[in-house]
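Chemist: The structure under discussion is supplied below as structure tokens; questions concerning it will follow.
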Amino acid sequence: MSDVTATDITTTSAAALAEALRAGELSSVEVTRAYLDRIQAEDPTIGAYLHVDAEAALRAAEQVDTARTKGEELGPLAGVPLALKDVVVTEGVPTTSGSKILEGWRPPYDATVAARLKVAGTVLLGKTNMDEFAMGSSTENSAYRVTRNPWDTDRIPGGSSGGSSAAVAAGLAPWAIGTDTGGSIRQPAAVTGLVGHKPTYGSVSRSGLIAFSSSLDQAGPMTRTVLDAALLHEAVAGHDPLDSTSIDAPVPVLAEAARRGAGGDLSGLRVGVVTELGGEGHTDGYEPGVLARVAEAVALLEGMGAEVRQVSCPAFDLALPAYYLIAPSEASSNLARFDGVRYGLRVGDDGSRDLDEVMALTREQGFGPEVKRRIILGTYALSSGYYDAYYGQAQKVRTLITRDFTRAWDDVDVLVSPTSPTVAWPIGARVDDPIAMYAADLCTLPASLAGIPAISVPCGLSEGLPVGLQVMAPALADDRCYRVAAALEAAQDAARGHALLDAIGGRA
Amino acid sequence: MTDTLVDLDEVLTRYEPVIGLETHVELGTASKMFCGCSTTFGAEPNTQTCPVCLGLPGSLPVVNAAAIESTIRIGLALGCRIASWSRFARKNYFYPDIPKGFQTSQYDEPLCTAGHLDVEVDGETYRVEIERVHIEEDTGKNLHVGGATGRIHGADHSLVDYNRAGIPLVEIVTRPIPGTGAKAPEVAKAYVTELREILLALGVSEVRMEQGNLRSDVNTSLAPIGSLEWGTRTETKNVNSLRSVERAVRYEMRRQAAVLDAGERVVQETRHFHEDTGSTSEGRSKEEATDYRYFPEPDLVPIAPDEEWIEKLRAALPELPAARRARLQEEWGLSATEMAWIVNAGALGLVSETVAAGATPADARKWWLGELARRANDSGVELAELPVTPRQVAELAGLVQAGTVNDQLARQALDGVLAGEGDPAAVVESRGLAVMGESDELVAAVDAAIEGNPDVAEKVRGGKVQAIGALVGAVMKTTRGKADAATVKRMLEERLIGS
Ligand SMILES: [Zn+2]
């Protein structure tokens, strides 16, 4: 029926798949089956998925194919499979947020993101692994399984959306949805060679995302190309009456911005390189290879006409401590609902213990160590007598960081930095050192705290492992991220081909 | 354990009470505070729930605008300042009836602050300062099965109904109320009564206390007379009738006085009120109280009601109970005391509707405070629960005015109305209760009375006019009360004395 091989299906971009589906060159069943086959073959090694329902996926694919045959009107993404991070609530499909405490829970409703993707006709391959409740940068905090980086299976895939990053990078999904609280889309995307975008806070509905830190959480695309990211982002973005913090504004035209950016003309664009994120005097903890790739990427941008300058944002130095007070504080409250009363795990309810004991035992056994660490941290930070010194101060730092950004936007259109100070590290290397683990988020935290959009786009390899460039833009100017990222992607592709697509193809 | 109690009169010889009230009112909005679920009372357990009010993972709250409007109107009616910027906060604690592990409430940024409510007790006015009015969500309802106390400790197992979870709840908090002395219990009751009237006038809640629409936490403390500092207070939780509010204050005053007399300290704690005995018992001690770790609710954006909207709501407030009482007292030409009787009997609305239906204020007052109050009392129900409408009462009063029935016949007609036989006129018709005119039947009855009582008739003829009463009685008896006594008397006089 088609001369595209199964390998081609799993190594091309989602945009290309969508086009082949629209043109009738491929059926959704073919595409879906190709991915399911590859999942079956390789996921035992990679460990990207927590839940795959092949039958349901093929059924959904068949429905799209039938509709297309009948000539029904279908969305542009109809029939393209995808993976969802397990933090996204899916009706009737197990959703655990990577935690034992939700083992076996089948939600009675769909997250807005999941519902919109369903309406768009995409096919759910499965739910991807993650750090428990999205707390972590390596996916090692998952209560269920280890996820490996396809570039080097002894290394971590980043986190907390490491299942999504590994799946897309390994050819086990054409694209995926991740969530980002302090860098959980961008950092895993960077260390697996993907494009990952954290949208402006409030531009993608949080309804149905199992909350980690409500004032920071955002869902976004994790893809192989910038255009894919823009297309997936457009499919899920837009005002949602179910989320009070959802912005009631039109979604910016993102795919168009990506296509324009790929044209390679950045003349007049003012690019700021953030001194505090790996710049002069701030290189501690940054790998030289990472800094070199980022410098080369900035040079490429300059070559396309961008005006580059250094920008200092002094409050960024305080982002890490502020984040690790705000996020755990909100988490300590968000995770209080997991008490064994209404759903999920319940431990010790044998008639011998009272309510408080059953709740305590359930939480003791249901939560992993990192989750407990953050609940304790957040509970402490919010307690009376400490609130002002911790939570209150952290909120002030947040204001200062936002102010640094606002000042920067007077002089530049976008800010850039490394996405992650290092490439993917060996599995196990940081599990006993939470502070080292937290440092992985150094570059991604400021944009999270300010609620602004930020994208990670591949910018080459260091020691054979992917490095990402982060591009940050003012709130609601997500299109600028896509424009700059697409320009960089096009320039690199022209020079040396698409590192990720080549790598997936090579491994297949 | 029984508490030692001091007589109230004696308490007041040594101590000065300070009271305070926190009142929770369930708003009568059609849907819940943060989701679209229905708020109808009495549905099957857990049928009025959704992911939001069950606190399912991933669900998010969306503010019910009608609840915000009601809260602002309550604030305006209490003379509060309405905040131009107000936030929700999370109150964190574990309990099965709060599905999220926190209650979405308001903390240091309430919607309304600094109001007041004047209440009257025995002709004296007390000003109750309102500290704040804020909006929050109600909890679910626990049913503890097994065990003797009905409380969670000792129960075999517990069931939770989340139908109530998320119903909008307004909390109205007074400042401490000093200077009420012996009237402290009555002032507490009068405050809740007046607050309830205001809520009813605003139409924001049905305020059915028996359904828990309005519940008060009653704070009471005692300090030695002349002391500059207030004493340690206790908080009696969930007192849900007007009478209980008064009793709870009185009991706590008597109990605390005994504690202080014994040279001991009053423990700062929450206490439970017992309807059957009118007593309180110790609950949770404040010293071991939970730290609620309040912080601004990140899932909701701040409420910023604009000035114009607030002024529109203020302009549209209905006539408030105090103003209405003053107006009606004036219109009905009553003294303050007469008005107070109507109010205390809970008959203001009924009297006023009866007047509106055409009765004179005097008649309306006479019926509701007299015959109808007695009937209600006899059958142990509230006046308003009697199966008779103000319009029917007005009709009845009209029949008396027109002379169609006399007072006694009117009471018989009322029997029929209460028995569900229809409107008064119809009952008079069907039961044949109309006063007899000067009919042949009546003439016959008068003649029969004279013939049947020759001795009496002779006395009357002889000038003992007062003896005529016995003849009137005889006529009334034969006509079974349907005759008009004055008419009968005139007819007898015509026959025996001449005119
Ligand atoms: Zn609901």
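Each chain in the structure tokens gets a letter, A, B, ..., in the order shown, and its residues are numbered from 1; ligands are numbered from 1 in order too.
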Give me, as an MDAnalysis selection string, the residues of chain A touching chain B, with the criterion being at most 6 Å (counting only C-alpha atoms).

Modeler: chainID A and resid 207:211 214:215 244 336:337 382:383

Chemist: How would the residues just picked look written out with all heavy atoms as a compact mmCIF listing (two decimals), in the first residue's frame?

Modeler:
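Written out: result17.txt:
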```txt
# COMPACT_ATOMS: atom_id res chain seq x y z
N SER A 207 -6.03 21.68 33.76
CA SER A 207 -7.10 20.81 34.22
C SER A 207 -6.79 19.36 33.85
O SER A 207 -6.64 19.03 32.68
CB SER A 207 -8.43 21.23 33.61
OG SER A 207 -9.44 20.33 34.01
N GLY A 208 -6.66 18.52 34.86
CA GLY A 208 -6.35 17.13 34.62
C GLY A 208 -4.87 16.80 34.61
O GLY A 208 -4.50 15.67 34.32
N LEU A 209 -4.04 17.76 34.92
CA LEU A 209 -2.63 17.44 35.17
C LEU A 209 -2.52 17.22 36.67
O LEU A 209 -2.91 18.10 37.44
CB LEU A 209 -1.69 18.59 34.77
CG LEU A 209 -1.81 19.14 33.36
CD1 LEU A 209 -0.74 20.21 33.14
CD2 LEU A 209 -1.64 18.02 32.34
N ILE A 210 -2.03 16.08 37.10
CA ILE A 210 -1.92 15.85 38.54
C ILE A 210 -0.92 16.85 39.09
O ILE A 210 0.25 16.87 38.70
CB ILE A 210 -1.51 14.39 38.82
CG1 ILE A 210 -2.62 13.47 38.31
CG2 ILE A 210 -1.27 14.19 40.32
CD1 ILE A 210 -2.35 12.00 38.51
N ALA A 211 -1.41 17.72 39.97
CA ALA A 211 -0.63 18.89 40.35
C ALA A 211 0.60 18.53 41.18
O ALA A 211 0.54 17.73 42.10
CB ALA A 211 -1.51 19.85 41.13
N SER A 214 1.21 24.06 41.63
CA SER A 214 0.17 24.66 40.81
C SER A 214 0.57 25.96 40.13
O SER A 214 0.14 26.23 39.02
CB SER A 214 -1.07 24.92 41.66
OG SER A 214 -1.37 23.77 42.41
N SER A 215 1.39 26.76 40.77
CA SER A 215 1.73 28.05 40.19
C SER A 215 2.85 27.94 39.16
O SER A 215 3.27 28.93 38.58
CB SER A 215 2.11 29.05 41.28
OG SER A 215 3.37 28.74 41.84
N SER A 244 -8.95 28.13 36.14
CA SER A 244 -9.10 29.56 36.43
C SER A 244 -7.86 30.36 36.08
O SER A 244 -7.93 31.57 35.88
CB SER A 244 -9.40 29.77 37.91
OG SER A 244 -10.45 28.96 38.32
N ALA A 336 -1.72 16.35 49.67
CA ALA A 336 -2.45 15.99 50.89
C ALA A 336 -3.66 15.11 50.58
O ALA A 336 -4.12 14.36 51.41
CB ALA A 336 -2.87 17.24 51.65
N ARG A 337 -4.18 15.24 49.35
CA ARG A 337 -5.39 14.49 49.01
C ARG A 337 -5.13 12.98 48.93
O ARG A 337 -6.07 12.19 48.93
CB ARG A 337 -5.97 15.00 47.70
CG ARG A 337 -5.16 14.68 46.47
CD ARG A 337 -5.68 15.42 45.27
NE ARG A 337 -5.61 16.87 45.49
CZ ARG A 337 -6.32 17.76 44.80
NH1 ARG A 337 -7.14 17.37 43.86
NH2 ARG A 337 -6.19 19.04 45.05
N LEU A 382 5.86 26.24 55.17
CA LEU A 382 4.56 26.91 55.32
C LEU A 382 4.13 27.03 56.77
O LEU A 382 3.13 27.69 57.07
CB LEU A 382 3.48 26.12 54.57
CG LEU A 382 3.50 26.17 53.04
CD1 LEU A 382 2.40 25.27 52.49
CD2 LEU A 382 3.32 27.59 52.54
N SER A 383 4.87 26.41 57.69
CA SER A 383 4.35 26.35 59.05
C SER A 383 4.44 27.71 59.73
O SER A 383 5.28 28.54 59.40
CB SER A 383 5.04 25.26 59.87
OG SER A 383 6.42 25.38 59.75
```

Chemist: Which of stretch 217-359 of chain A end up as strand (DSSP E) when DSSP is run on this backbone - answer as a ChimeraX atom specification?

Modeler: /A:218-223,270-274,307-311

Chemist: Quick one: pull the distance between atom CA of A:Val80 and atom CA of A:Ile185, Å, one decimal.

Modeler: 20.8 Å

Chemist: Could you please determine the separation between atom CA of A:Gly183 and atom CA of A:Pro426 in Å, to one decimal place?

Modeler: 19.2 Å

Chemist: Show me, as a ChimeraX atom specification, the residues that have an atom within 10 Å of B:Leu350 when counting only C-alpha atoms, minus same-chain residues fewer than 2 positions from it.

Modeler: /B:342,346-348,352-356,364-365,368,383-384,389-391,393

Chemist: Just to confirm, what's the straight-line distance from atom CA of B:Glu129 to atom CA of B:Leu12 in Å (one decimal)?

Modeler: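 The value is 23.2 Å.
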
Chemist: Find the residues near A:Phe316: any atom within 10 Å, counting only C-alpha atoms, skip ones fewer than 2 places away on the same chain, and give them as a VMD selection string.

Modeler: chain A and resid 274 to 277 312 to 314 318 to 320 322 397 to 398 400 to 402 404 to 405 442 to 443 445 to 447 449

Chemist: I need the residue nearest B:Ala65 from this list: B:Pro178, B:Pro45, B:Pro168, B:Pro110. Use only C-alpha atoms for the distance.

Modeler: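 The closest residue to B:Ala65 is B:Pro168.
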
Chemist: Out of B:Ala223, B:Cys37, B:Leu471, B:Ala425, which residue has the shortest atom-to-atom distance to ligand 1 when counting only C-alpha atoms and all ligand atoms?

Modeler: B:Cys37

Chemist: For A:Val226, please output as JSON, numbers by chain all residues within 12 Å (counting only C-alpha atoms; exclusion window: fewer than 5 positions along the same chain).

Modeler: {"A": [13, 14, 15, 175, 189, 193, 194, 195, 196, 197, 221, 231, 232, 233, 254, 255, 256, 257, 258, 259, 260, 261, 262, 455, 456, 457, 458, 479, 480, 481, 482, 483, 484, 485, 486, 487, 488, 489, 490, 493, 498]}

Chemist: Can you write out the residues you just picked, keeping C-alpha atoms, as a PDB file, in the first residue's frame?

Modeler:
```pdb
ATOM      1  CA  SER A  13       8.895  13.761  12.042  1.00  0.00           C
ATOM      2  CA  ALA A  14       5.304  13.804  13.213  1.00  0.00           C
ATOM      3  CA  ALA A  15       4.568  16.551  10.706  1.00  0.00           C
ATOM      4  CA  TRP A 175       6.054  12.865  19.813  1.00  0.00           C
ATOM      5  CA  ALA A 189      14.479  17.197  25.868  1.00  0.00           C
ATOM      6  CA  GLY A 193      18.294  15.589  21.638  1.00  0.00           C
ATOM      7  CA  LEU A 194      14.644  16.657  21.446  1.00  0.00           C
ATOM      8  CA  VAL A 195      12.817  19.907  21.088  1.00  0.00           C
ATOM      9  CA  GLY A 196      10.876  20.644  24.259  1.00  0.00           C
ATOM     10  CA  HIS A 197       8.777  23.710  24.931  1.00  0.00           C
ATOM     11  CA  PRO A 221       5.307  19.310  23.529  1.00  0.00           C
ATOM     12  CA  LEU A 231       1.940  21.787  15.821  1.00  0.00           C
ATOM     13  CA  LEU A 232       1.453  19.785  19.007  1.00  0.00           C
ATOM     14  CA  HIS A 233       1.461  22.946  21.097  1.00  0.00           C
ATOM     15  CA  LEU A 254       3.236  28.929  16.338  1.00  0.00           C
ATOM     16  CA  ALA A 255       3.669  26.603  13.349  1.00  0.00           C
ATOM     17  CA  GLU A 256       3.776  29.639  11.116  1.00  0.00           C
ATOM     18  CA  ALA A 257       6.481  31.162  13.331  1.00  0.00           C
ATOM     19  CA  ALA A 258       8.472  27.920  13.086  1.00  0.00           C
ATOM     20  CA  ARG A 259       8.178  27.843   9.294  1.00  0.00           C
ATOM     21  CA  ARG A 260       9.210  31.484   9.074  1.00  0.00           C
ATOM     22  CA  GLY A 261      12.147  30.877  11.437  1.00  0.00           C
ATOM     23  CA  ALA A 262      13.332  27.957   9.318  1.00  0.00           C
ATOM     24  CA  ILE A 455      12.125  26.167  24.522  1.00  0.00           C
ATOM     25  CA  SER A 456      15.034  23.758  24.435  1.00  0.00           C
ATOM     26  CA  VAL A 457      16.396  23.067  20.990  1.00  0.00           C
ATOM     27  CA  PRO A 458      19.259  20.687  20.196  1.00  0.00           C
ATOM     28  CA  ASP A 479       6.116  32.270  18.843  1.00  0.00           C
ATOM     29  CA  ARG A 480       9.522  33.912  19.288  1.00  0.00           C
ATOM     30  CA  CYS A 481      10.873  30.737  20.916  1.00  0.00           C
ATOM     31  CA  TYR A 482       9.715  28.732  17.909  1.00  0.00           C
ATOM     32  CA  ARG A 483      11.089  31.208  15.414  1.00  0.00           C
ATOM     33  CA  VAL A 484      14.583  31.252  16.921  1.00  0.00           C
ATOM     34  CA  ALA A 485      14.644  27.496  17.565  1.00  0.00           C
ATOM     35  CA  ALA A 486      13.556  26.746  14.013  1.00  0.00           C
ATOM     36  CA  ALA A 487      16.233  29.007  12.607  1.00  0.00           C
ATOM     37  CA  LEU A 488      18.894  27.267  14.646  1.00  0.00           C
ATOM     38  CA  GLU A 489      17.553  23.836  13.732  1.00  0.00           C
ATOM     39  CA  ALA A 490      17.564  24.678  10.028  1.00  0.00           C
ATOM     40  CA  ASP A 493      20.499  20.555   9.657  1.00  0.00           C
ATOM     41  CA  HIS A 498      19.451  16.197  11.914  1.00  0.00           C
TER      42      HIS A 498
END
```

Chemist: Write out as an mmCIF file with N, CA and C atoms, in the first residue's frame the residues lying within 10 Å of B:Glu69, counting only C-alpha atoms and excluding same-chain residues fewer than 4 positions away.

Modeler:
```cif
data_model
loop_
_atom_site.group_PDB
_atom_site.id
_atom_site.type_symbol
_atom_site.label_atom_id
_atom_site.label_comp_id
_atom_site.auth_asym_id
_atom_site.auth_seq_id
_atom_site.Cartn_x
_atom_site.Cartn_y
_atom_site.Cartn_z
ATOM 1 N N ASN B 64 -17.590 30.179 41.710
ATOM 2 C CA ASN B 64 -18.995 30.439 41.420
ATOM 3 C C ASN B 64 -19.267 31.940 41.641
ATOM 4 N N ALA B 65 -19.517 32.649 40.565
ATOM 5 C CA ALA B 65 -19.664 34.106 40.652
ATOM 6 C C ALA B 65 -20.864 34.501 41.510
ATOM 7 N N ARG B 73 -23.019 41.037 48.978
ATOM 8 C CA ARG B 73 -24.292 41.609 49.441
ATOM 9 C C ARG B 73 -24.450 41.474 50.953
ATOM 10 N N ILE B 74 -24.011 40.326 51.489
ATOM 11 C CA ILE B 74 -24.054 40.155 52.946
ATOM 12 C C ILE B 74 -23.163 41.216 53.596
ATOM 13 N N GLY B 75 -21.969 41.365 53.042
ATOM 14 C CA GLY B 75 -21.036 42.366 53.570
ATOM 15 C C GLY B 75 -21.647 43.759 53.537
ATOM 16 N N VAL B 204 -30.204 35.168 50.225
ATOM 17 C CA VAL B 204 -28.964 34.474 49.851
ATOM 18 C C VAL B 204 -28.918 33.045 50.369
ATOM 19 N N PRO B 305 -13.445 42.763 42.759
ATOM 20 C CA PRO B 305 -14.739 43.328 42.355
ATOM 21 C C PRO B 305 -14.594 44.829 42.081
ATOM 22 N N TRP B 309 -19.629 47.800 40.218
ATOM 23 C CA TRP B 309 -20.450 46.622 40.504
ATOM 24 C C TRP B 309 -20.898 46.641 41.962
ATOM 25 N N ILE B 310 -19.957 46.960 42.852
ATOM 26 C CA ILE B 310 -20.284 47.001 44.279
ATOM 27 C C ILE B 310 -21.394 48.025 44.524
ATOM 28 N N LEU B 313 -24.691 46.725 43.447
ATOM 29 C CA LEU B 313 -25.234 45.767 44.415
ATOM 30 C C LEU B 313 -25.774 46.494 45.647
#
```

Chemist: Could you name the residues that touch stretch 225-241 of chain B at 10 Å or less, counting only C-alpha atoms, but leaving out those on the same chain fewer than 6 positions away, as a ChimeraX atom specification?

Modeler: /B:12-24,176,178,189,192-193,208-219,247-249,252,256,260,265-275,280-286

Chemist: Mind listing the alpha helix (DSSP H) residues of stretch 217-342 of chain B, per DSSP on the backbone, as a PyMOL selection string?

Modeler: chain B and resi 242-261+307-315+321-332+336-342

Chemist: So, with only C-alpha atoms and all ligand atoms as the atoms that count, which of B:Ala165, B:Ile130, B:Gly115, B:Asp3 lies closest to ligand 1?

Modeler: B:Ala165

Chemist: With distances taken over only C-alpha atoms, which residue among B:Gly166, B:Gly42, B:Gly416, B:Gly123 lies nearest B:Glu338?

Modeler: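 Counting only C-alpha atoms, the residue closest to B:Glu338 is B:Gly123.
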
Chemist: Find, counting only C-alpha atoms, the residue in B:Ala434, B:Leu328, B:Ala402, B:Ala413 that gets nearest to B:Val388.

Modeler: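 Nearest candidate to B:Val388 out of B:Ala434, B:Leu328, B:Ala402, B:Ala413: B:Ala413.
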